[in-house]
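Visitor: Dropping a structure here in structure tokens format, bear with me for questions.
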Amino acid sequence: MDLLTKGLFTCAILLFFFPITSYAGSIKDGASGNPGEWYVGDTPASVTEEKRPILFIHGLNSSSETWYESNDMYTTALDNGYETAFIDLYPTKDMWDNGELLAGKIEDMYHHFGEKVVIVAHSKGGIDTQAALVHHGASPYVDRVITLSSPHHGSQLADLAYSSWAGWLAGIIGSKNEATYSLQTGYMSYFRSTTDSSPDIGTVPFYTFGGTEWGSFGSSLYWGGLYLSSYGSNDGAVTVKSSRLPYAQELKVGKWDHTSIKEASSTFPLFRPYLNETAPLAAFGLETAAVTEETEPAAAQYVSGGEYTGRTRETVIVESGADAVTFDWISSSPDVDLKLVSPDKKTYSGFKAAKDETEVLEGSYHHTLRIDDPAAGRWKLEARSPGGESYLLNTSFDSELNEKISASINLDELKVKNKDARLKFKSDMTVIHYKNGRQKETKLKAKQQSGGSYQLPKLGEGVYSLTIEVEGTYQKEKFARTMISSVYIDQNGRVYSEDF
């Protein structure tokens with residue numbers, strides 16, 4: 001055997017026993033944002049055998065930079081002696097595509113480090129991770145998973161983005177994509193069913209965190225928190241209830257918003273014991289008893305929206321006895337002049353503006369104004385913009401009326417419930433059918449049956465966006481509310497849904 005043949009033979013043997021793994025290099029060398037590329041951090045001064053390498057996974061509309069740019073997570077892990085890896089997934093694709101992409105890269109990392117990794121995932125990254133493990137065979141390479149405010153049961157903000165009112169705005173800013181489509185609560189109910197029933201579901205332990213803060217009035221996560229407050233405690237983008245998995249160990253529900261929960265100063269000391277080869281048997285710092293999520297969602301919103309050029313007007317009915325009302329004008333442009341006129345002819349301006357950071361409607365702008373002890377009657381809101389504009393008006397009520405109306409889905413029937421004899425109302429439901437993220441049929445009005453119930457139409461497989469408009473009187477005072485949700489109907493006609 002000549003020298004060249006010997007060399008090739010030796011290389012082949014080495015490749016068989018020590019496969020080459022492809023990665024983009026150090027986080028200092030590569031530019032983030034290229035789906036499928038992954039990076040490693042610096043090697044710690046001292047690496048002990050019991051410390052697992054950490055793979056950090058970003059969420060919706062994000063990239064690997066979220067862990068090391070304006071975030072102390074990477075440096076904290078390095079200082080604590082952990083090897084690290086970071087990956088860029090598709091920022092706007094669903095869990096199926098990202099899960100498939102991620103699975104192959106996790107195997108590469110396993111070979112690179114020579115051992116299993118621990119995954120720390122933020123937001124939708126936790127769902128992409130579970131898809132990789134359960135549906136694409138990556139579980140042999142992962143020791144455990146820690147999720148930071150992952151919407152395991154979907155997001156009501158995604159339902160809103162696909163509703164009949166928000167369609168104009170969501171389409172303009174590009175938030176109607178595969179990722180947002182898959183995060184609708186109806187679709188995520190389907191994903192939970194196909195995932196949680198897998199015999200491999202318990203192979204890799206999961207640990208979860210949830211947040212309860214959404215910032216001060218007018219902040220970038222405030223409006224999301226206000227909208228989601230009807231569904232329970234939340235961090236401005238994800239509810240505590242959605243962050244939980246029935247078979248996962250919840251490490252803590254804390255006072256974090258959707259951004260701060262992924263910062264090391266907030267959560268690293270709490271999940272650090274679970275990064276090692278042997279994790280504690282009992283939860284560390286378990287603090288969940290104070291957060292209860294068993295109540296039915298409140299009917300606390302009135303939603304409208306559309307398109308206009310130059311100027312448009314909206315009218316909102318505020319009932320007597322409301323403690324406060326918050327008007328949130330969500331637009332595709334920061335340049336909107338808003339004037340609000342009360343029923344007693346008082347004029348309000350000074351809407352506080354903020355750029356959206358909820359991930360779902362990223363790229364939009366919020367113009368928010370809160371009125372305490374509002375006058376009952378019709379409030380008129382006028383908007384002026386230099387050019388064409390798409391908008392969504394979300395009006396939130398702090399009122400005893402909120403708890404007196406609810407909706408529930410049982411199989412293929414939706415029912416609007418009246419919880420107070422003094423309450424008189426009628427409702428109207430609009431259904432939009434989407435398949436693979438695209439509107440398949442024009443929106444239609446569902447026919448109301450006796451007792452305030454609706455039979456869900458079956459137009460084939462896909463997500464059905466449900467928008468219910470409720471108008472009536474409470475103690476002879478007029479009111480109006482909007483309730484939004486979604487269901488998924490599979491090819492066999494089975495309905496999947498979360499509670500309203």
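Chain lettering (A, B, ...) mirrors the order of the structure tokens, residue numbering begins at 1 for each chain separately, and ligand numbering begins at 1 in order of display.
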Using only C-alpha atoms, determine which residues lie at most 10 Å from Ser243 of chain A, disregarding the query and same-chain residues fewer than 6 positions distant; provide the list as a PyMOL selection string.

Guide: chain A and resi 123+126+147-155+208-211+234+250+253

Visitor: Which residues are near segment 439-448 of chain A? Cut-off 7 Å, only C-alpha atoms, ignore same chain within fewer than 6 positions. Put them as a VMD selection string.

Guide: chain A and resid 429 to 433 454

Visitor: Do a neighbour search on Gly167 of chain A at 9 Å with only C-alpha atoms, toss out local chain neighbours closer than 3 positions, and write the hits as JSON, numbers by chain.

Guide: {"A": [160, 161, 162, 163, 164, 170, 171, 172, 176, 305, 306, 392]}

Visitor: Using backbone DSSP assignments, extract all strand (DSSP E) residues from segment 113-149 of chain A; output them as a ChimeraX atom specification.

Guide: /A:117-122,142-148

Visitor: Just C-alpha atoms for this one: save the residues we selected as a short mmCIF file (atom, residue, chain, number, x, y, z; two decimals), in the first residue's frame.

Guide:
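Okay, this is what ended up in again_17.cif:
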data_model
loop_
_atom_site.label_atom_id
_atom_site.label_comp_id
_atom_site.auth_asym_id
_atom_site.auth_seq_id
_atom_site.Cartn_x
_atom_site.Cartn_y
_atom_site.Cartn_z
CA VAL A 117 -26.43 18.82 25.62
CA VAL A 118 -28.84 20.65 27.88
CA ILE A 119 -31.18 22.95 25.93
CA VAL A 120 -32.27 26.34 27.23
CA ALA A 121 -35.02 27.67 24.95
CA HIS A 122 -36.88 30.97 24.95
CA VAL A 142 -30.34 15.81 24.67
CA ASP A 143 -30.09 15.39 28.43
CA ARG A 144 -32.89 17.81 29.43
CA VAL A 145 -34.73 20.92 28.28
CA ILE A 146 -35.42 24.19 30.13
CA THR A 147 -38.05 26.47 28.59
CA LEU A 148 -38.34 30.16 29.40
#

Visitor: Which is closest to Trp168 of chain A among A:Ser332, A:Ser406, A:Thr180, A:Ser349, if we use only C-alpha atoms?

Guide: A:Ser332

Visitor: Mind pulling up the distance from atom CA of Pro297 of chain A to atom CA of Lys241 of chain A?

Guide: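 Computed distance, atom CA of Lys241 of chain A to atom CA of Pro297 of chain A, equals 11.6 Å.
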
Visitor: Which residue is closest to Glu213 of chain A? Choose from A:Ile405, A:Val240, A:Ala132, A:Ala77 and count only C-alpha atoms.

Guide: A:Val240

Visitor: Need the shell around Asn418 of chain A: protein/DNA/RNA residues with any atom at most 12 Å away, counting only C-alpha atoms. Skip same-chain ones fewer than 4 positions apart. Format as a compact mmCIF listing (two decimals) with C-alpha atoms, in the first residue's frame?

Guide:
# COMPACT_ATOMS: atom_id res chain seq x y z
CA ALA A 299 -64.78 39.26 28.21
CA LEU A 401 -69.22 43.21 33.42
CA ASN A 402 -66.13 41.37 32.15
CA GLU A 403 -66.79 38.29 34.29
CA LYS A 404 -70.45 37.97 33.31
CA ILE A 405 -69.92 36.75 29.73
CA SER A 406 -67.92 33.74 28.57
CA ALA A 407 -67.69 31.34 25.65
CA SER A 408 -66.79 27.66 25.45
CA ARG A 422 -79.66 41.49 34.42
CA LEU A 423 -77.59 41.03 31.28
CA LYS A 424 -79.32 41.05 27.88
CA PHE A 425 -77.32 40.62 24.69
CA LYS A 426 -77.11 39.22 21.20
CA SER A 427 -73.98 37.87 19.53
CA GLY A 451 -79.39 29.28 23.68
CA GLY A 452 -76.64 31.40 22.15
CA SER A 453 -74.82 28.48 20.52
CA VAL A 470 -71.46 40.73 21.69
CA GLY A 472 -76.49 44.34 24.63
CA THR A 473 -77.45 46.03 27.86
CA TYR A 474 -76.45 45.53 31.47

Visitor: For Glu461 of chain A, which of A:Ile201, A:Tyr190, A:Ile409, A:Glu357 is the closest residue, counting only C-alpha atoms?

Guide: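 For Glu461 of chain A, the nearest of the given residues is A:Tyr190.
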
Visitor: Work out how far apart atom CA of Gly125 of chain A and atom CA of Trp214 of chain A are and give it in Å to one decimal.

Guide: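 Computing the Euclidean distance for atom CA of Gly125 of chain A and atom CA of Trp214 of chain A yields 20.2 Å.
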
Visitor: Quick one: everything within 7 Å of segment 84-97 of chain A, counting only C-alpha atoms, minus sequence neighbours fewer than 4 positions away in the same chain. Send it as a short mmCIF file (atom, residue, chain, number, x, y, z; two decimals) with N, CA and C atoms, in the first residue's frame.

Guide:
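Output below, filename result.cif:
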data_model
loop_
_atom_site.label_atom_id
_atom_site.label_comp_id
_atom_site.auth_asym_id
_atom_site.auth_seq_id
_atom_site.Cartn_x
_atom_site.Cartn_y
_atom_site.Cartn_z
N SER A 32 -24.88 36.28 12.94
CA SER A 32 -26.08 35.48 13.23
C SER A 32 -27.17 35.76 12.21
N GLY A 33 -28.17 34.89 12.20
CA GLY A 33 -29.32 35.10 11.34
C GLY A 33 -29.40 34.18 10.15
N ASN A 34 -28.43 33.30 9.97
CA ASN A 34 -28.45 32.36 8.85
C ASN A 34 -29.00 31.02 9.35
N PRO A 35 -30.24 30.68 8.98
CA PRO A 35 -30.86 29.46 9.50
C PRO A 35 -30.02 28.22 9.25
N GLY A 36 -29.82 27.43 10.30
CA GLY A 36 -29.06 26.20 10.20
C GLY A 36 -27.63 26.33 10.66
N GLU A 37 -27.11 27.56 10.75
CA GLU A 37 -25.75 27.74 11.23
C GLU A 37 -25.74 27.77 12.76
N TRP A 38 -24.71 27.15 13.32
CA TRP A 38 -24.58 27.17 14.77
C TRP A 38 -23.16 27.53 15.18
N TYR A 39 -23.05 28.06 16.37
CA TYR A 39 -21.81 28.65 16.84
C TYR A 39 -21.48 28.11 18.23
N VAL A 40 -20.21 28.15 18.57
CA VAL A 40 -19.81 27.78 19.92
C VAL A 40 -19.20 28.99 20.61
N GLY A 41 -19.38 29.03 21.92
CA GLY A 41 -18.76 30.08 22.71
C GLY A 41 -17.33 29.71 23.06
N PRO A 53 -22.73 20.67 28.26
CA PRO A 53 -22.76 21.82 27.33
C PRO A 53 -24.20 22.34 27.22
N ILE A 54 -24.33 23.65 27.05
CA ILE A 54 -25.65 24.27 26.94
C ILE A 54 -25.88 24.73 25.51
N LEU A 55 -27.00 24.33 24.94
CA LEU A 55 -27.44 24.84 23.64
C LEU A 55 -28.56 25.84 23.88
N PHE A 56 -28.37 27.10 23.47
CA PHE A 56 -29.37 28.14 23.62
C PHE A 56 -30.16 28.30 22.32
N ILE A 57 -31.48 28.31 22.43
CA ILE A 57 -32.36 28.38 21.24
C ILE A 57 -33.29 29.58 21.36
N LEU A 60 -39.46 33.32 18.35
CA LEU A 60 -40.08 33.89 17.14
C LEU A 60 -39.44 35.23 16.78
N ASN A 61 -39.22 35.44 15.48
CA ASN A 61 -38.68 36.71 14.98
C ASN A 61 -37.38 37.11 15.67
N SER A 62 -36.53 36.14 15.96
CA SER A 62 -35.31 36.41 16.70
C SER A 62 -34.14 35.68 16.06
N SER A 63 -32.98 35.72 16.73
CA SER A 63 -31.79 35.04 16.25
C SER A 63 -30.92 34.68 17.44
N SER A 64 -29.80 34.02 17.17
CA SER A 64 -28.91 33.59 18.25
C SER A 64 -28.33 34.76 19.04
N LEU A 101 -34.92 20.97 11.05
CA LEU A 101 -33.60 21.60 10.92
C LEU A 101 -32.78 21.43 12.20
N ILE A 127 -40.99 25.14 21.69
CA ILE A 127 -41.86 24.31 20.86
C ILE A 127 -41.06 23.69 19.72
N ASP A 128 -40.16 24.48 19.11
CA ASP A 128 -39.29 23.94 18.07
C ASP A 128 -38.44 22.80 18.62
N ALA A 131 -40.51 19.62 19.04
CA ALA A 131 -40.74 19.02 17.73
C ALA A 131 -39.51 18.23 17.28
N ASN A 177 -47.45 34.62 9.12
CA ASN A 177 -46.44 33.71 8.59
C ASN A 177 -46.65 32.34 9.18
N GLU A 178 -45.84 31.38 8.77
CA GLU A 178 -46.02 30.00 9.23
C GLU A 178 -45.89 29.88 10.74
N ALA A 179 -44.99 30.66 11.32
CA ALA A 179 -44.77 30.58 12.77
C ALA A 179 -45.99 31.06 13.54
N SER A 182 -48.94 28.74 13.29
CA SER A 182 -48.83 27.54 14.11
C SER A 182 -49.03 27.82 15.59
#

Visitor: Apply DSSP to the backbone of this structure and, from segment 220-411 of chain A, keep only the residues in alpha helix (DSSP H); write these as a list in words.

Guide: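 The alpha helix (DSSP H) subset of segment 220-411 of chain A is Tyr222, Trp223, Gly224, Gly225, Leu226, Tyr227, Leu228, Val240, Lys241, Ser242, Ser243, Ala264, Ser265, Ser266, Thr267, Phe268, Pro269, Leu270 and Phe271 of chain A.
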
Visitor: Using atom CA of Thr203 of chain A and atom CA of Ile261 of chain A as the two end points, give the distance in Å to one decimal.

Guide: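 Atom-to-atom, atom CA of Thr203 of chain A to atom CA of Ile261 of chain A, that is 26.1 Å.
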
Visitor: Could the residues of segment 136-251 of chain A that have an atom at most 8 Å from segment 360-382 of chain A be listed as JSON lines, each with its closest atom pair and the distance in Å to one decimal, counting only C-alpha atoms and ordered by chain and ascending residue number?

Guide:
{"residue": "A:Leu157", "atom": "CA", "partner": "A:Val360", "partner_atom": "CA", "distance": 6.5}
{"residue": "A:Ala158", "atom": "CA", "partner": "A:Val360", "partner_atom": "CA", "distance": 6.2}
{"residue": "A:Ala161", "atom": "CA", "partner": "A:Leu361", "partner_atom": "CA", "distance": 7.2}
{"residue": "A:Ala170", "atom": "CA", "partner": "A:Leu361", "partner_atom": "CA", "distance": 6.8}
{"residue": "A:Ile173", "atom": "CA", "partner": "A:Gly363", "partner_atom": "CA", "distance": 5.9}
{"residue": "A:Ser175", "atom": "CA", "partner": "A:Leu361", "partner_atom": "CA", "distance": 5.8}
{"residue": "A:Thr180", "atom": "CA", "partner": "A:Val360", "partner_atom": "CA", "distance": 6.5}
{"residue": "A:Gly218", "atom": "CA", "partner": "A:Thr368", "partner_atom": "CA", "distance": 6.3}
{"residue": "A:Ser220", "atom": "CA", "partner": "A:His366", "partner_atom": "CA", "distance": 7.9}
{"residue": "A:Trp223", "atom": "CA", "partner": "A:His366", "partner_atom": "CA", "distance": 7.7}
